[in-house]
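A.B. asks: Input structure: model_13.cif, which contains mmCIF, C-alpha atoms.
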data_data
loop_
_atom_site.label_atom_id
_atom_site.label_comp_id
_atom_site.auth_asym_id
_atom_site.auth_seq_id
_atom_site.Cartn_x
_atom_site.Cartn_y
_atom_site.Cartn_z
CA MET A 59 0.00 0.00 0.00
CA GLN A 60 3.02 2.33 0.17
CA ALA A 61 2.81 2.79 -3.58
CA GLU A 62 -0.63 4.38 -3.28
CA PRO A 63 0.57 7.94 -2.49
CA VAL A 64 3.21 7.67 -5.24
CA HIS A 65 0.59 6.80 -7.83
CA GLU A 66 -1.65 9.62 -6.62
CA LEU A 67 1.13 12.21 -6.78
CA ALA A 68 2.06 11.04 -10.27
CA MET A 69 -1.51 11.56 -11.42
CA LEU A 70 -1.71 15.05 -9.90
CA ARG A 71 1.77 16.32 -10.71
CA HIS A 72 2.33 14.75 -14.12
CA ASP A 73 -1.27 14.13 -15.20
CA GLN A 74 -0.49 10.56 -16.15
CA ARG A 75 -3.38 8.51 -17.43
CA LEU A 76 -4.83 5.85 -15.18
CA LEU A 77 -4.48 3.26 -17.91
CA ASP A 78 -0.74 3.98 -18.32
CA LEU A 79 -0.10 3.83 -14.58
CA ALA A 80 -2.10 0.65 -14.26
CA GLY A 81 -0.15 -1.14 -16.98
CA GLY A 82 3.24 0.14 -15.83
CA ASN A 83 2.72 -0.81 -12.17
CA ASN A 84 0.65 -3.98 -12.59
CA VAL A 85 -2.24 -2.43 -10.62
CA PRO A 86 -5.87 -2.65 -11.81
CA GLU A 87 -7.18 0.61 -13.25
CA SER A 88 -10.25 0.43 -11.00
CA THR A 89 -7.98 0.25 -7.94
CA LEU A 90 -6.02 3.31 -9.06
CA ARG A 91 -9.25 5.21 -9.63
CA ARG A 92 -10.44 4.34 -6.11
CA TRP A 93 -7.09 5.36 -4.61
CA ARG A 94 -7.17 8.63 -6.54
CA ASP A 95 -10.65 9.58 -5.38
CA GLU A 96 -9.95 8.62 -1.77
CA MET A 97 -6.64 10.48 -1.65
CA ILE A 98 -8.03 13.63 -3.25
CA GLY A 99 -10.90 13.61 -0.76
CA LEU A 100 -8.53 13.30 2.19
CA LEU A 101 -6.25 16.07 0.94
CA ALA A 102 -9.16 18.37 0.09
CA ALA A 103 -10.49 18.01 3.63
CA LYS A 104 -7.25 19.62 4.87
CA ALA A 105 -7.62 22.70 2.65
CA PRO A 106 -7.98 25.89 4.75
CA ARG A 107 -11.30 27.71 4.99
CA LEU A 108 -11.35 31.33 3.85
CA ASP A 109 -11.91 32.84 7.29
CA ARG A 110 -9.15 30.77 8.87
CA ALA A 111 -6.69 31.55 6.07
CA LEU A 112 -7.28 35.28 6.48
CA ARG A 113 -7.00 35.17 10.26
CA GLN A 114 -3.68 33.38 9.91
CA ILE A 115 -2.38 36.16 7.65
CA ALA A 116 -3.53 38.77 10.18
CA ARG A 117 -1.85 36.94 13.06
CA ARG A 118 1.44 36.96 11.14
CA GLY A 119 1.22 40.74 10.86
CA GLY A 120 0.01 40.89 7.28
CA GLU A 121 -2.09 43.83 6.17
CA VAL A 122 -3.23 42.96 2.65
CA VAL A 123 -3.82 39.93 0.45
CA LEU A 124 -3.91 39.64 -3.33
CA ILE A 125 -7.03 38.39 -5.09
CA ASP A 126 -7.63 37.30 -8.66
CA GLY A 127 -9.62 34.87 -10.74
CA THR A 128 -8.37 32.22 -13.13
CA LEU A 129 -9.77 29.75 -15.62
CA ILE A 130 -8.82 26.08 -15.44
CA PRO A 131 -9.41 24.68 -18.96
CA THR A 132 -11.62 21.63 -19.39
CA ARG A 133 -12.56 19.39 -22.26
CA ARG A 134 -15.30 20.78 -24.48
CA ARG A 135 -18.42 18.78 -23.65
CA THR A 136 -21.62 18.77 -25.67
CA GLY A 137 -25.06 19.55 -24.30
CA THR A 138 -26.77 22.57 -22.82
CA ALA A 139 -25.47 21.77 -19.33
CA ASN A 140 -21.92 22.59 -20.46
CA ARG A 141 -22.69 25.91 -22.15
CA PRO A 142 -22.13 27.94 -18.96
CA ASN A 143 -18.57 26.58 -18.88
CA TYR A 144 -17.64 28.53 -22.01
CA SER A 145 -15.67 31.66 -21.16
CA GLY A 146 -16.15 34.46 -23.66
CA LYS A 147 -13.14 36.26 -22.17
CA HIS A 148 -10.79 33.32 -22.76
CA HIS A 149 -12.67 31.85 -25.77
CA ARG A 150 -12.56 28.33 -24.37
CA HIS A 151 -14.35 25.98 -22.01
CA GLY A 152 -13.23 25.85 -18.43
CA LEU A 153 -14.02 26.39 -14.77
CA HIS A 154 -13.57 29.64 -12.87
CA PHE A 155 -11.74 29.87 -9.55
CA LEU A 156 -10.98 32.73 -7.21
CA ALA A 157 -7.67 32.60 -5.40
CA LEU A 158 -6.05 34.58 -2.62
CA THR A 159 -2.32 34.87 -2.04
CA ASP A 160 -0.25 36.70 0.53
CA GLU A 161 1.88 39.71 -0.43
CA ARG A 162 4.67 37.41 -1.69
CA GLY A 163 2.37 35.37 -3.92
CA LYS A 164 2.01 32.28 -1.71
CA LEU A 165 -1.37 30.69 -2.37
CA ILE A 166 -3.47 30.69 0.80
CA TRP A 167 -6.99 29.88 -0.43
CA ILE A 168 -8.86 28.83 -3.55
CA SER A 169 -12.62 28.91 -4.10
CA VAL A 170 -15.00 26.25 -5.30
CA ALA A 171 -15.21 25.66 -9.04
CA ARG A 172 -17.76 27.72 -10.92
CA PRO A 173 -18.82 27.81 -14.60
CA GLY A 174 -16.22 29.37 -16.86
CA ARG A 175 -18.44 32.34 -17.77
CA THR A 176 -18.53 33.48 -14.12
CA HIS A 177 -17.14 36.99 -13.59
CA ASP A 178 -14.58 37.69 -10.89
CA ALA A 179 -16.86 40.21 -9.19
CA THR A 180 -19.79 37.80 -9.12
CA ALA A 181 -17.67 35.06 -7.56
CA ALA A 182 -16.30 37.50 -4.97
CA ARG A 183 -19.80 38.51 -3.94
CA HIS A 184 -20.93 34.89 -3.61
CA ASP A 185 -17.91 34.09 -1.42
CA LYS A 186 -18.51 37.23 0.69
CA ILE A 187 -14.89 38.26 0.24
CA VAL A 188 -15.48 41.79 1.55
CA GLU A 189 -17.14 40.56 4.74
CA HIS A 190 -14.35 38.06 5.43
CA LEU A 191 -11.67 40.70 4.84
CA LYS A 192 -13.35 43.12 7.22
CA ALA A 193 -13.70 40.43 9.87
CA ALA A 194 -9.99 39.69 9.65
CA GLY A 195 -8.99 43.37 9.51
CA LEU A 196 -7.28 42.98 6.12
CA GLY A 197 -7.32 44.78 2.80
CA ALA A 198 -6.95 43.34 -0.69
CA LEU A 199 -5.40 44.39 -3.98
CA ALA A 200 -7.36 43.38 -7.08
CA ASP A 201 -7.61 44.15 -10.78
CA LEU A 202 -10.37 46.05 -12.55
CA GLY A 203 -12.53 42.93 -12.75
CA PHE A 204 -13.42 43.46 -9.10
CA ILE A 205 -14.74 47.00 -9.48
CA GLY A 206 -18.07 47.32 -7.69
CA VAL A 207 -17.56 44.45 -5.28
CA ASP A 208 -16.72 46.79 -2.42
CA LYS A 209 -18.94 49.90 -2.32
CA PRO A 210 -18.81 51.40 1.18
CA LYS A 211 -20.65 54.61 1.97
CA ASN A 212 -17.41 56.04 3.33
CA PRO A 213 -14.51 55.75 0.84
CA ASP A 214 -12.13 55.41 3.77
CA ASP A 215 -13.76 52.06 4.59
CA LEU A 216 -12.76 50.53 1.24
CA VAL A 217 -11.05 47.16 1.71
CA ILE A 218 -10.65 46.03 -1.93
CA VAL A 219 -8.46 48.40 -3.96
CA THR A 220 -8.97 48.02 -7.72
CA GLY A 221 -7.42 51.07 -9.36
CA PHE A 222 -9.00 53.36 -11.93
CA LYS A 223 -10.78 52.44 -15.15
CA ALA A 224 -10.86 54.65 -18.21
CA THR A 225 -14.01 55.09 -20.31
CA ARG A 226 -14.65 56.52 -23.76
CA ALA A 227 -15.93 59.70 -22.17
CA ARG A 228 -13.31 60.00 -19.45
CA LYS A 229 -9.60 59.40 -19.77
CA LEU A 230 -7.34 58.71 -16.85
CA THR A 231 -5.37 61.54 -15.33
CA PRO A 232 -1.59 61.20 -14.96
CA GLY A 233 -2.08 60.66 -11.23
CA GLN A 234 -4.58 57.85 -11.84
CA LYS A 235 -2.25 56.19 -14.35
CA GLN A 236 0.57 56.31 -11.82
CA ALA A 237 -1.72 54.84 -9.15
CA ASN A 238 -2.61 51.98 -11.51
CA ARG A 239 1.07 51.27 -12.14
CA VAL A 240 1.80 51.14 -8.43
CA LEU A 241 -1.17 48.84 -7.88
CA ALA A 242 -0.09 46.56 -10.75
CA ALA A 243 3.37 46.24 -9.22
CA GLY A 244 1.85 45.34 -5.86
CA ARG A 245 -0.41 42.74 -7.46
CA ALA A 246 2.29 41.08 -9.57
CA PRO A 247 3.04 38.29 -7.05
CA VAL A 248 -0.50 36.91 -7.42
CA GLU A 249 0.57 35.55 -10.81
CA HIS A 250 3.31 33.57 -9.07
CA GLY A 251 0.60 31.90 -6.99
CA PHE A 252 -1.28 30.81 -10.10
CA ALA A 253 1.95 29.67 -11.74
CA ASN A 254 2.74 27.48 -8.74
CA LEU A 255 -0.80 26.11 -8.78
CA LYS A 256 -0.55 25.10 -12.42
CA THR A 257 2.77 23.34 -12.04
CA TRP A 258 0.42 20.47 -11.21
CA ARG A 259 -0.22 19.40 -14.77
CA ILE A 260 -3.62 17.99 -13.90
CA LEU A 261 -4.76 21.63 -13.75
CA THR A 262 -3.50 22.59 -17.20
CA LYS A 263 -6.59 20.93 -18.64
CA LEU A 264 -9.09 19.04 -16.51
CA ARG A 265 -10.32 15.88 -18.15
CA THR A 266 -12.41 14.63 -15.24
CA ASP A 267 -16.06 15.34 -14.55
CA PRO A 268 -16.34 19.11 -13.79
CA CYS A 269 -18.18 18.32 -10.55
CA ARG A 270 -14.91 16.89 -9.19
CA ALA A 271 -12.86 19.98 -10.02
CA THR A 272 -13.16 21.61 -6.60
CA THR A 273 -11.71 18.68 -4.69
CA SER A 274 -9.02 18.22 -7.36
CA CYS A 275 -7.79 21.82 -7.03
CA GLU A 276 -7.81 21.98 -3.24
CA PRO A 277 -5.08 19.34 -2.79
CA CYS A 278 -2.90 21.16 -5.32
CA SER A 279 -3.33 24.46 -3.49
CA SER A 280 -2.53 23.10 -0.04
#
How does the structure come out when it is put into structure tokens?

C.D. replies:
Amino acid sequence: MQAEPVHELAMLRHDQRLLDLAGGNNVPESTLRRWRDEMIGLLAAKAPRLDRALRQIARRGGEVVLIDGTLIPTRRRTGTANRPNYSGKHHRHGLHFLALTDERGKLIWISVARPGRTHDATAARHDKIVEHLKAAGLGALADLGFIGVDKPKNPDDLVIVTGFKATRARKLTPGQKQANRVLAAGRAPVEHGFANLKTWRILTKLRTDPCRATTSCEPCSS
């Protein structure tokens, strides 16, 4: 049974097919599938909850976290049930995830899987990101996709900083452009978090049932 974790890590890290692992290790494919599902379930159960992850950052003296959304590609499936998984932004099928990192880009939390057409702001509202940040006493740096998520009556109470967005009728001032550049530099480490997440090749293109995506991503983020 010591080979079980090795097989599981090979499937997650290298995205090896069950059939190939079964033939190469003289283990029935059904057994590998059972091991995979059991191991992913156990690892996913250890994934941190959002409120606990934020409290841990606050206890370490952190003041802000970085937030962004990403698309994990999936196979294109037929049928009306799969249409919500098509992302017009990325022009492909996939599942949407929100992720939080610390200021250095270390992944601290990842959301449940949602249809690929989900907007970052919509996902943030569903996960009550603003409320959790306020409870932990933290702020967050985000891109323009999160505009409107945090709308306090007092601007001084803003916890999600998103920068300034130009419109056809209103161009950005030099000061606003400079503020956006500073914000972009502060947000840059969040991309390192996603890069580390996707070193697990199973997340470069999910081939499993989309309903299993949440538990598959949580082990890779922990």

A.B. asks: Between A:Phe204, A:Phe155, A:Phe222, A:Trp167, which is the closest to Leu261 (chain A) once you count all atoms listed in the file?

C.D. replies: A:Phe155

A.B. asks: Under the rule that all atoms listed in the file are counted, which of A:Ala157, A:Leu90, A:Ala181, A:Ala102 is the nearest residue to Val248 (chain A)?

C.D. replies: A:Ala157

A.B. asks: Figure out the distance between CA of Ile98 (chain A) and CA of Glu161 (chain A), please, to one decimal in Å.

C.D. replies: 28.0 Å

A.B. asks: Given the file shown, enumerate the residues that the PyMOL selection byres ((chain A and resi 143) around 6) captures and present them as a VMD selection string.

C.D. replies: chain A and resid 140 to 142 144 151 to 152 173 to 175

A.B. asks: With C-alpha atoms retained, export the selected residues as a compact mmCIF listing (two decimals), keeping the file's coordinate frame.

C.D. replies:
# COMPACT_ATOMS: atom_id res chain seq x y z
CA ASN A 140 -21.92 22.59 -20.46
CA ARG A 141 -22.69 25.91 -22.15
CA PRO A 142 -22.13 27.94 -18.96
CA TYR A 144 -17.64 28.53 -22.01
CA HIS A 151 -14.35 25.98 -22.01
CA GLY A 152 -13.23 25.85 -18.43
CA PRO A 173 -18.82 27.81 -14.60
CA GLY A 174 -16.22 29.37 -16.86
CA ARG A 175 -18.44 32.34 -17.77

A.B. asks: Could you jot down the CA of Ala227 (chain A) to CA of Val240 (chain A) separation for me, Å, one decimal place?

C.D. replies: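 The value is 24.0 Å.
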
A.B. asks: Report as a list of chain:residue names the residues that result from applying the PyMOL selection byres ((chain A and resi 120) around 12) to the structure here.

C.D. replies: A:Ala111, A:Leu112, A:Arg113, A:Gln114, A:Ile115, A:Ala116, A:Arg117, A:Arg118, A:Gly119, A:Glu121, A:Val122, A:Val123, A:Leu124, A:Thr159, A:Asp160, A:Glu161, A:Arg162, A:Leu191, A:Ala194, A:Gly195, A:Leu196, A:Gly197, A:Ala198

A.B. asks: Could you work out how far CA of Arg172 (chain A) lies from CA of Ile187 (chain A), giving the answer in Å with one decimal?

C.D. replies: 15.6 Å

A.B. asks: Any chance you could build region 145-174 of chain A out to N, CA and C atoms and write it as a CSV table (one decimal), keeping the file's coordinate frame?

C.D. replies:
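Below you can see result-v4.csv, which holds the result:
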chain,number,residue,atom,x,y,z
A,145,SER,N,-16.1,30.3,-21.6
A,145,SER,CA,-15.7,31.7,-21.2
A,145,SER,C,-15.5,32.5,-22.4
A,146,GLY,N,-16.3,33.6,-22.5
A,146,GLY,CA,-16.2,34.5,-23.7
A,146,GLY,C,-14.9,35.3,-23.6
A,147,LYS,N,-14.4,35.5,-22.4
A,147,LYS,CA,-13.1,36.3,-22.2
A,147,LYS,C,-12.0,35.5,-22.7
A,148,HIS,N,-11.9,34.2,-22.4
A,148,HIS,CA,-10.8,33.3,-22.8
A,148,HIS,C,-11.0,32.5,-24.0
A,149,HIS,N,-12.3,32.6,-24.5
A,149,HIS,CA,-12.7,31.8,-25.8
A,149,HIS,C,-12.4,30.3,-25.7
A,150,ARG,N,-12.7,29.8,-24.5
A,150,ARG,CA,-12.6,28.3,-24.4
A,150,ARG,C,-13.4,27.9,-23.2
A,151,HIS,N,-13.6,26.5,-23.1
A,151,HIS,CA,-14.4,26.0,-22.0
A,151,HIS,C,-13.4,25.8,-20.8
A,152,GLY,N,-14.0,26.0,-19.6
A,152,GLY,CA,-13.2,25.8,-18.4
A,152,GLY,C,-14.1,26.1,-17.2
A,153,LEU,N,-13.4,26.1,-16.0
A,153,LEU,CA,-14.0,26.4,-14.8
A,153,LEU,C,-13.3,27.6,-14.1
A,154,HIS,N,-14.1,28.4,-13.5
A,154,HIS,CA,-13.6,29.6,-12.9
A,154,HIS,C,-13.3,29.4,-11.4
A,155,PHE,N,-12.1,29.9,-11.0
A,155,PHE,CA,-11.7,29.9,-9.6
A,155,PHE,C,-11.3,31.2,-9.1
A,156,LEU,N,-11.6,31.6,-7.9
A,156,LEU,CA,-11.0,32.7,-7.2
A,156,LEU,C,-9.8,32.2,-6.4
A,157,ALA,N,-8.8,33.0,-6.2
A,157,ALA,CA,-7.7,32.6,-5.4
A,157,ALA,C,-7.2,33.8,-4.6
A,158,LEU,N,-6.7,33.6,-3.4
A,158,LEU,CA,-6.0,34.6,-2.6
A,158,LEU,C,-4.6,34.2,-2.3
A,159,THR,N,-3.7,35.1,-2.4
A,159,THR,CA,-2.3,34.9,-2.0
A,159,THR,C,-1.9,35.9,-1.0
A,160,ASP,N,-0.8,35.7,-0.3
A,160,ASP,CA,-0.2,36.7,0.5
A,160,ASP,C,0.5,37.7,-0.3
A,161,GLU,N,1.2,38.7,0.3
A,161,GLU,CA,1.9,39.7,-0.4
A,161,GLU,C,3.0,39.2,-1.3
A,162,ARG,N,3.6,38.0,-0.9
A,162,ARG,CA,4.7,37.4,-1.7
A,162,ARG,C,4.2,36.5,-2.8
A,163,GLY,N,2.9,36.2,-2.9
A,163,GLY,CA,2.4,35.4,-3.9
A,163,GLY,C,2.1,33.9,-3.5
A,164,LYS,N,2.3,33.6,-2.2
A,164,LYS,CA,2.0,32.3,-1.7
A,164,LYS,C,0.5,32.0,-1.7
A,165,LEU,N,0.1,31.0,-2.3
A,165,LEU,CA,-1.4,30.7,-2.4
A,165,LEU,C,-1.9,30.3,-1.0
A,166,ILE,N,-2.9,31.0,-0.5
A,166,ILE,CA,-3.5,30.7,0.8
A,166,ILE,C,-4.9,30.1,0.8
A,167,TRP,N,-5.6,30.4,-0.3
A,167,TRP,CA,-7.0,29.9,-0.4
A,167,TRP,C,-7.4,29.9,-1.9
A,168,ILE,N,-8.3,28.9,-2.2
A,168,ILE,CA,-8.9,28.8,-3.6
A,168,ILE,C,-10.3,28.5,-3.4
A,169,SER,N,-11.2,29.1,-4.2
A,169,SER,CA,-12.6,28.9,-4.1
A,169,SER,C,-13.1,27.6,-4.7
A,170,VAL,N,-14.4,27.4,-4.6
A,170,VAL,CA,-15.0,26.2,-5.3
A,170,VAL,C,-15.0,26.5,-6.8
A,171,ALA,N,-15.2,25.5,-7.6
A,171,ALA,CA,-15.2,25.7,-9.0
A,171,ALA,C,-16.6,26.2,-9.5
A,172,ARG,N,-16.5,27.2,-10.4
A,172,ARG,CA,-17.8,27.7,-10.9
A,172,ARG,C,-17.7,27.7,-12.5
A,173,PRO,N,-18.8,27.8,-13.1
A,173,PRO,CA,-18.8,27.8,-14.6
A,173,PRO,C,-17.9,28.8,-15.2
A,174,GLY,N,-17.3,28.5,-16.3
A,174,GLY,CA,-16.2,29.4,-16.9
A,174,GLY,C,-16.7,30.8,-17.2
